[in-house]
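Shown next: input.txt, containing compact mmCIF, N, CA and C atoms.
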```txt
# COMPACT_ATOMS: atom_id res chain seq x y z
N MET J 19 54.47 134.46 97.39
CA MET J 19 54.82 134.36 98.80
C MET J 19 54.14 133.13 99.39
N ILE J 20 54.79 132.57 100.37
CA ILE J 20 54.21 131.43 101.08
C ILE J 20 54.25 131.70 102.57
N ARG J 21 53.39 131.00 103.26
CA ARG J 21 53.41 130.98 104.72
C ARG J 21 54.12 129.67 105.07
N PRO J 22 55.37 129.74 105.55
CA PRO J 22 56.12 128.50 105.77
C PRO J 22 55.47 127.63 106.84
N SER J 23 55.45 126.34 106.57
CA SER J 23 54.98 125.39 107.57
C SER J 23 55.97 125.38 108.73
N PRO J 24 55.51 124.97 109.91
CA PRO J 24 56.45 124.84 111.02
C PRO J 24 57.62 123.90 110.67
N PHE J 25 57.33 122.88 109.88
CA PHE J 25 58.37 121.94 109.45
C PHE J 25 59.44 122.66 108.64
N LEU J 26 59.01 123.50 107.70
CA LEU J 26 59.96 124.24 106.88
C LEU J 26 60.76 125.21 107.73
N SER J 27 60.10 125.91 108.62
CA SER J 27 60.81 126.86 109.49
C SER J 27 61.87 126.15 110.32
N ARG J 28 61.53 125.00 110.87
CA ARG J 28 62.50 124.24 111.68
C ARG J 28 63.65 123.71 110.82
N ALA J 29 63.34 123.26 109.60
CA ALA J 29 64.39 122.77 108.70
C ALA J 29 65.34 123.90 108.32
N LEU J 30 64.80 125.08 108.06
CA LEU J 30 65.64 126.23 107.74
C LEU J 30 66.48 126.64 108.95
N LEU J 31 65.87 126.63 110.14
CA LEU J 31 66.60 127.00 111.35
C LEU J 31 67.73 126.01 111.63
N ALA J 32 67.45 124.73 111.48
CA ALA J 32 68.49 123.72 111.69
C ALA J 32 69.64 123.92 110.70
N ASP J 33 69.31 124.22 109.46
CA ASP J 33 70.32 124.49 108.44
C ASP J 33 71.15 125.71 108.84
N ALA J 34 70.48 126.75 109.31
CA ALA J 34 71.20 127.97 109.71
C ALA J 34 72.14 127.69 110.88
N ILE J 35 71.70 126.89 111.83
CA ILE J 35 72.55 126.57 112.99
C ILE J 35 73.76 125.75 112.54
N PHE J 36 73.51 124.69 111.77
CA PHE J 36 74.58 123.84 111.27
C PHE J 36 75.58 124.67 110.44
N SER J 37 75.04 125.49 109.55
CA SER J 37 75.90 126.30 108.69
C SER J 37 76.65 127.36 109.48
N GLY J 38 76.02 127.92 110.50
CA GLY J 38 76.67 128.92 111.33
C GLY J 38 77.84 128.35 112.11
N VAL J 39 77.65 127.15 112.67
CA VAL J 39 78.74 126.48 113.38
C VAL J 39 79.89 126.19 112.41
N ALA J 40 79.54 125.68 111.24
CA ALA J 40 80.57 125.39 110.23
C ALA J 40 81.27 126.67 109.78
N ALA J 41 80.51 127.76 109.63
CA ALA J 41 81.10 129.03 109.21
C ALA J 41 82.15 129.50 110.20
N VAL J 42 81.83 129.45 111.47
CA VAL J 42 82.79 129.88 112.50
C VAL J 42 84.00 128.96 112.52
N ALA J 43 83.75 127.64 112.51
CA ALA J 43 84.85 126.68 112.57
C ALA J 43 85.78 126.81 111.37
N LEU J 44 85.20 126.94 110.19
CA LEU J 44 86.02 127.01 108.98
C LEU J 44 86.72 128.35 108.83
N THR J 45 86.04 129.43 109.16
CA THR J 45 86.64 130.75 109.02
C THR J 45 87.77 130.96 110.02
N LEU J 46 87.50 130.64 111.28
CA LEU J 46 88.49 130.89 112.32
C LEU J 46 89.50 129.74 112.48
N GLY J 47 89.09 128.55 112.09
CA GLY J 47 89.96 127.40 112.31
C GLY J 47 90.57 126.80 111.07
N ALA J 48 90.50 127.50 109.96
CA ALA J 48 91.02 126.95 108.70
C ALA J 48 92.48 126.55 108.82
N GLY J 49 93.26 127.37 109.47
CA GLY J 49 94.69 127.07 109.61
C GLY J 49 94.95 125.81 110.41
N ALA J 50 94.15 125.58 111.42
CA ALA J 50 94.32 124.38 112.25
C ALA J 50 93.73 123.15 111.58
N LEU J 51 92.62 123.32 110.85
CA LEU J 51 91.95 122.18 110.22
C LEU J 51 92.66 121.68 108.97
N ALA J 52 93.27 122.58 108.22
CA ALA J 52 93.87 122.22 106.93
C ALA J 52 94.84 121.04 107.02
N PRO J 53 95.78 121.02 107.96
CA PRO J 53 96.70 119.88 107.99
C PRO J 53 96.03 118.57 108.43
N PHE J 54 95.00 118.67 109.28
CA PHE J 54 94.31 117.46 109.73
C PHE J 54 93.47 116.82 108.63
N LEU J 55 92.95 117.67 107.73
CA LEU J 55 92.08 117.18 106.66
C LEU J 55 92.83 117.04 105.34
N ASN J 56 94.02 117.59 105.29
CA ASN J 56 94.81 117.67 104.06
C ASN J 56 94.01 118.36 102.95
N LEU J 57 93.40 119.47 103.35
CA LEU J 57 92.64 120.32 102.41
C LEU J 57 93.27 121.71 102.44
N PRO J 58 93.20 122.43 101.33
CA PRO J 58 93.79 123.78 101.29
C PRO J 58 93.15 124.72 102.31
N GLU J 59 93.99 125.41 103.04
CA GLU J 59 93.50 126.37 104.03
C GLU J 59 92.59 127.41 103.39
N ALA J 60 92.96 127.90 102.21
CA ALA J 60 92.15 128.92 101.53
C ALA J 60 90.76 128.39 101.20
N LEU J 61 90.67 127.14 100.77
CA LEU J 61 89.37 126.53 100.47
C LEU J 61 88.50 126.49 101.71
N LEU J 62 89.07 126.09 102.82
CA LEU J 62 88.31 126.01 104.07
C LEU J 62 87.85 127.39 104.53
N ARG J 63 88.77 128.36 104.50
CA ARG J 63 88.44 129.72 104.97
C ARG J 63 87.39 130.37 104.06
N GLU J 64 87.56 130.24 102.75
CA GLU J 64 86.59 130.86 101.83
C GLU J 64 85.23 130.19 101.93
N THR J 65 85.22 128.90 102.18
CA THR J 65 83.95 128.21 102.41
C THR J 65 83.29 128.76 103.67
N GLY J 66 84.07 128.94 104.71
CA GLY J 66 83.53 129.52 105.95
C GLY J 66 82.97 130.92 105.75
N LEU J 67 83.68 131.74 104.98
CA LEU J 67 83.20 133.10 104.71
C LEU J 67 81.89 133.08 103.92
N PHE J 68 81.81 132.20 102.94
CA PHE J 68 80.55 132.06 102.20
C PHE J 68 79.42 131.65 103.14
N LEU J 69 79.72 130.72 104.04
CA LEU J 69 78.68 130.21 104.94
C LEU J 69 78.17 131.28 105.90
N ILE J 70 78.97 132.30 106.17
CA ILE J 70 78.48 133.40 107.02
C ILE J 70 77.28 134.07 106.36
N ALA J 71 77.44 134.42 105.09
CA ALA J 71 76.33 135.06 104.36
C ALA J 71 75.16 134.09 104.20
N TYR J 72 75.45 132.83 103.91
CA TYR J 72 74.40 131.82 103.74
C TYR J 72 73.61 131.66 105.04
N THR J 73 74.32 131.61 106.16
CA THR J 73 73.67 131.47 107.47
C THR J 73 72.73 132.63 107.73
N ALA J 74 73.16 133.83 107.39
CA ALA J 74 72.31 135.01 107.59
C ALA J 74 71.03 134.90 106.77
N LEU J 75 71.14 134.50 105.51
CA LEU J 75 69.97 134.37 104.65
C LEU J 75 69.02 133.30 105.17
N VAL J 76 69.54 132.12 105.47
CA VAL J 76 68.68 131.01 105.89
C VAL J 76 68.09 131.29 107.27
N GLY J 77 68.86 131.88 108.15
CA GLY J 77 68.32 132.26 109.47
C GLY J 77 67.22 133.29 109.34
N TRP J 78 67.39 134.24 108.44
CA TRP J 78 66.36 135.25 108.21
C TRP J 78 65.10 134.59 107.66
N LEU J 79 65.25 133.69 106.68
CA LEU J 79 64.09 132.99 106.13
C LEU J 79 63.37 132.20 107.21
N ALA J 80 64.12 131.56 108.10
CA ALA J 80 63.52 130.75 109.16
C ALA J 80 62.69 131.58 110.12
N SER J 81 62.99 132.85 110.24
CA SER J 81 62.32 133.71 111.22
C SER J 81 61.10 134.45 110.66
N ARG J 82 60.82 134.34 109.38
CA ARG J 82 59.75 135.09 108.73
C ARG J 82 58.41 134.34 108.80
N SER J 83 57.34 135.11 108.88
CA SER J 83 56.00 134.50 108.84
C SER J 83 55.54 134.28 107.40
N THR J 84 56.10 135.03 106.47
CA THR J 84 55.89 134.78 105.04
C THR J 84 57.23 134.97 104.35
N VAL J 85 57.44 134.17 103.32
CA VAL J 85 58.71 134.26 102.57
C VAL J 85 58.43 134.10 101.09
N ALA J 86 59.33 134.58 100.29
CA ALA J 86 59.23 134.37 98.86
C ALA J 86 59.57 132.91 98.56
N LYS J 87 58.67 132.25 97.88
CA LYS J 87 58.87 130.84 97.54
C LYS J 87 60.16 130.66 96.74
N ALA J 88 60.47 131.63 95.89
CA ALA J 88 61.68 131.55 95.07
C ALA J 88 62.94 131.51 95.93
N LEU J 89 62.96 132.23 97.05
CA LEU J 89 64.13 132.21 97.93
C LEU J 89 64.29 130.85 98.58
N VAL J 90 63.18 130.25 98.99
CA VAL J 90 63.25 128.91 99.59
C VAL J 90 63.72 127.91 98.54
N LEU J 91 63.21 128.01 97.33
CA LEU J 91 63.66 127.12 96.26
C LEU J 91 65.15 127.32 95.98
N LEU J 92 65.60 128.56 96.03
CA LEU J 92 67.03 128.85 95.83
C LEU J 92 67.87 128.14 96.89
N VAL J 93 67.43 128.16 98.13
CA VAL J 93 68.15 127.48 99.21
C VAL J 93 68.16 125.97 98.96
N ILE J 94 67.01 125.41 98.57
CA ILE J 94 66.92 123.97 98.33
C ILE J 94 67.83 123.57 97.17
N VAL J 95 67.75 124.29 96.08
CA VAL J 95 68.60 123.98 94.91
C VAL J 95 70.08 124.19 95.26
N GLY J 96 70.36 125.24 96.02
CA GLY J 96 71.74 125.49 96.44
C GLY J 96 72.28 124.35 97.30
N ASN J 97 71.46 123.86 98.21
CA ASN J 97 71.89 122.73 99.04
C ASN J 97 72.13 121.48 98.20
N ALA J 98 71.23 121.23 97.26
CA ALA J 98 71.41 120.07 96.38
C ALA J 98 72.69 120.22 95.55
N ALA J 99 72.93 121.41 95.03
CA ALA J 99 74.13 121.67 94.23
C ALA J 99 75.39 121.53 95.10
N TRP J 100 75.33 122.00 96.34
CA TRP J 100 76.47 121.88 97.26
C TRP J 100 76.79 120.41 97.48
N THR J 101 75.75 119.60 97.66
CA THR J 101 75.95 118.17 97.87
C THR J 101 76.65 117.54 96.68
N LEU J 102 76.13 117.80 95.50
CA LEU J 102 76.73 117.24 94.28
C LEU J 102 78.14 117.79 94.06
N GLY J 103 78.32 119.07 94.30
CA GLY J 103 79.62 119.69 94.12
C GLY J 103 80.67 119.14 95.09
N SER J 104 80.25 118.84 96.29
CA SER J 104 81.17 118.28 97.28
C SER J 104 81.67 116.91 96.84
N ILE J 105 80.75 116.08 96.36
CA ILE J 105 81.13 114.75 95.89
C ILE J 105 82.01 114.88 94.62
N ALA J 106 81.63 115.79 93.74
CA ALA J 106 82.43 116.01 92.53
C ALA J 106 83.84 116.47 92.89
N LEU J 107 83.97 117.28 93.95
CA LEU J 107 85.29 117.74 94.38
C LEU J 107 86.19 116.56 94.73
N LEU J 108 85.63 115.56 95.38
CA LEU J 108 86.42 114.38 95.74
C LEU J 108 86.96 113.64 94.53
N PHE J 109 86.16 113.59 93.46
CA PHE J 109 86.55 112.85 92.27
C PHE J 109 87.31 113.70 91.25
N SER J 110 87.37 115.00 91.47
CA SER J 110 87.97 115.90 90.48
C SER J 110 89.49 115.85 90.46
N GLY J 111 90.08 115.49 91.56
CA GLY J 111 91.53 115.54 91.64
C GLY J 111 92.05 116.93 91.99
N ALA J 112 91.17 117.89 92.17
CA ALA J 112 91.58 119.25 92.50
C ALA J 112 92.13 119.33 93.92
N VAL J 113 91.71 118.43 94.78
CA VAL J 113 92.22 118.34 96.15
C VAL J 113 92.57 116.89 96.42
N SER J 114 93.42 116.68 97.41
CA SER J 114 93.82 115.32 97.79
C SER J 114 93.66 115.15 99.29
N PRO J 115 92.42 115.14 99.77
CA PRO J 115 92.22 115.02 101.22
C PRO J 115 92.64 113.63 101.72
N ASN J 116 93.06 113.59 102.96
CA ASN J 116 93.34 112.30 103.58
C ASN J 116 92.00 111.66 103.96
N LEU J 117 92.04 110.53 104.63
CA LEU J 117 90.80 109.82 104.97
C LEU J 117 89.87 110.70 105.82
N LEU J 118 90.44 111.40 106.78
CA LEU J 118 89.64 112.29 107.62
C LEU J 118 89.01 113.41 106.78
N GLY J 119 89.77 113.95 105.84
CA GLY J 119 89.26 114.98 104.95
C GLY J 119 88.15 114.45 104.06
N GLN J 120 88.30 113.22 103.58
CA GLN J 120 87.25 112.60 102.76
C GLN J 120 85.98 112.40 103.58
N VAL J 121 86.14 111.92 104.81
CA VAL J 121 84.99 111.74 105.69
C VAL J 121 84.31 113.08 105.96
N PHE J 122 85.10 114.11 106.19
CA PHE J 122 84.57 115.45 106.43
C PHE J 122 83.74 115.92 105.23
N ILE J 123 84.27 115.78 104.03
CA ILE J 123 83.57 116.23 102.83
C ILE J 123 82.29 115.43 102.63
N VAL J 124 82.36 114.13 102.78
CA VAL J 124 81.17 113.29 102.58
C VAL J 124 80.13 113.57 103.66
N ALA J 125 80.54 113.72 104.91
CA ALA J 125 79.60 113.97 105.99
C ALA J 125 78.85 115.28 105.79
N GLN J 126 79.57 116.34 105.42
CA GLN J 126 78.86 117.61 105.23
C GLN J 126 78.01 117.57 103.97
N ALA J 127 78.43 116.79 102.97
CA ALA J 127 77.60 116.65 101.76
C ALA J 127 76.30 115.93 102.10
N ILE J 128 76.38 114.89 102.90
CA ILE J 128 75.17 114.16 103.31
C ILE J 128 74.26 115.07 104.12
N ALA J 129 74.83 115.79 105.08
CA ALA J 129 74.03 116.69 105.92
C ALA J 129 73.34 117.75 105.06
N THR J 130 74.05 118.30 104.11
CA THR J 130 73.48 119.32 103.23
C THR J 130 72.38 118.73 102.37
N GLY J 131 72.58 117.53 101.88
CA GLY J 131 71.54 116.85 101.11
C GLY J 131 70.30 116.57 101.94
N VAL J 132 70.50 116.20 103.19
CA VAL J 132 69.36 115.98 104.09
C VAL J 132 68.61 117.28 104.31
N PHE J 133 69.33 118.38 104.49
CA PHE J 133 68.65 119.68 104.65
C PHE J 133 67.84 120.02 103.40
N ALA J 134 68.38 119.76 102.23
CA ALA J 134 67.64 120.03 100.99
C ALA J 134 66.34 119.24 100.98
N GLU J 135 66.42 117.97 101.33
CA GLU J 135 65.22 117.12 101.35
C GLU J 135 64.21 117.59 102.39
N LEU J 136 64.67 117.88 103.59
CA LEU J 136 63.77 118.36 104.64
C LEU J 136 63.11 119.68 104.24
N GLN J 137 63.87 120.56 103.65
CA GLN J 137 63.32 121.85 103.22
C GLN J 137 62.30 121.66 102.10
N TYR J 138 62.55 120.72 101.21
CA TYR J 138 61.60 120.44 100.14
C TYR J 138 60.29 119.90 100.71
N VAL J 139 60.39 118.99 101.65
CA VAL J 139 59.19 118.45 102.31
C VAL J 139 58.46 119.58 103.02
N GLY J 140 59.21 120.43 103.73
CA GLY J 140 58.59 121.56 104.43
C GLY J 140 57.94 122.55 103.48
N LEU J 141 58.55 122.76 102.33
CA LEU J 141 57.97 123.66 101.34
C LEU J 141 56.64 123.11 100.84
N ARG J 142 56.58 121.81 100.60
CA ARG J 142 55.34 121.19 100.13
C ARG J 142 54.23 121.27 101.18
N LYS J 143 54.60 121.37 102.45
CA LYS J 143 53.62 121.48 103.53
C LYS J 143 53.19 122.92 103.77
N SER J 144 53.86 123.86 103.14
CA SER J 144 53.58 125.29 103.34
C SER J 144 52.39 125.71 102.51
N SER J 145 51.75 126.80 102.94
CA SER J 145 50.58 127.28 102.22
C SER J 145 50.91 128.57 101.47
N GLU J 146 50.29 128.69 100.30
CA GLU J 146 50.44 129.91 99.51
C GLU J 146 49.69 131.04 100.21
N THR J 147 50.19 132.26 100.07
CA THR J 147 49.49 133.41 100.62
C THR J 147 48.90 134.22 99.47
N VAL J 148 47.85 134.92 99.75
CA VAL J 148 47.21 135.74 98.72
C VAL J 148 47.81 137.13 98.83
N THR J 149 48.29 137.63 97.72
CA THR J 149 48.85 138.98 97.69
C THR J 149 47.87 139.90 97.00
N ALA J 150 47.74 141.09 97.54
CA ALA J 150 46.79 142.04 96.95
C ALA J 150 47.48 143.01 96.06
```

How does this structure look as structure tokens?
Amino acid sequence: MIRPSPFLSRALLADAIFSGVAAVALTLGAGALAPFLNLPEALLRETGLFLIAYTALVGWLASRSTVAKALVLLVIVGNAAWTLGSIALLFSGAVSPNLLGQVFIVAQAIATGVFAELQYVGLRKSSETVTA
């Protein structure tokens, strides 16, 4: 267990807010966004649904006075994997987004990568707790 630094707590909270907004927009607005981005509606909606659960986890972690270090590492690794996966999606040929869709994918990949970095820095600033 660790006692999260204020930096880590803020980085997790910012991630939860960003992810929560994206979850609502993608889940409820997938039908409207799909033609503008030239991305599959199902991909957008399922991403939004995943982000609902992710937002709950990260928001919960942000609110704790102690957290399992493994859960924070899972979030950091997940964010890094999301970033790489987003870029890989563009090159895979599995989707054919228009320019706006490409910008959308790259922008959220960058934001997610920044969250991973901020959370890693915050984790390094956190202190270990003694468990009895």

- Task: Could you please determine the separation between atom CA of Pro58 of chain J and atom CA of Asn116 of chain J in Å, to one decimal place?
- Result: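 So the answer is 11.7 Å.
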
- Task: Could you give me, as number ranges by chain, the residues that have an atom at most 12 Å away from the point (52.9, 122.3, 101.2) in the coordinates of the file, using only C-alpha atoms?
- Result: J: 20-26, 87, 137-147

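Proximity of J:Ala125, J:Met19, J:Val132, J:Ala74 to Ala34 of chain J, computed with all atoms listed in the file, is greatest for J:Ala74.
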
- Query: What residues in chain J get the DSSP label helix (DSSP H, G or I)? Please answer as a PyMOL selection string.
  - Reply: chain J and resi 24-55+59-81+87-110+117-143

- Which of these residues is nearest to Leu69 of chain J, using only N, CA and C atoms: J:Ala41, J:Ile94, J:Ser81, J:Phe36?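 Checking each candidate against Leu69 of chain J, we get J:Ala41 as the closest.
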
- Item | Residue nearest Gly111 of chain J among J:Leu57, J:Leu92, J:Val39, J:Ala32 (counting only C-alpha atoms) | J:Leu57

May I have the centre and edge lengths, in Å to one decimal, of an axis-aligned box around the listed atoms of segment 93-108 of chain J with 4 Å added to every side, as AutoDock Vina command-line options?
```
--center_x 76.9 --center_y 120.9 --center_z 95.9 --size_x 28.0 --size_y 22.5 --size_z 14.7
```

- Query: Which residue, J:Gln120, J:Gly77, J:Gly131, J:Leu67, has the smallest gap to Ala99 of chain J when you use only N, CA and C atoms?
  - Reply: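 Closest to Ala99 of chain J of all the choices is J:Gly131.
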
- Message: Let me make sure I understand: among J:Ile128, J:Val76, J:Val90, J:Ala40, which one has the smallest atom-to-atom distance to Leu102 of chain J if we use all atoms listed in the file?
- Response: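 That would be J:Ile128, the residue with the smallest distance to Leu102 of chain J.
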
- Task: One decimal, Å: what's the distance from atom N of Asp33 of chain J over to atom N of Ile105 of chain J, could you say?
- Result: 19.2 Å
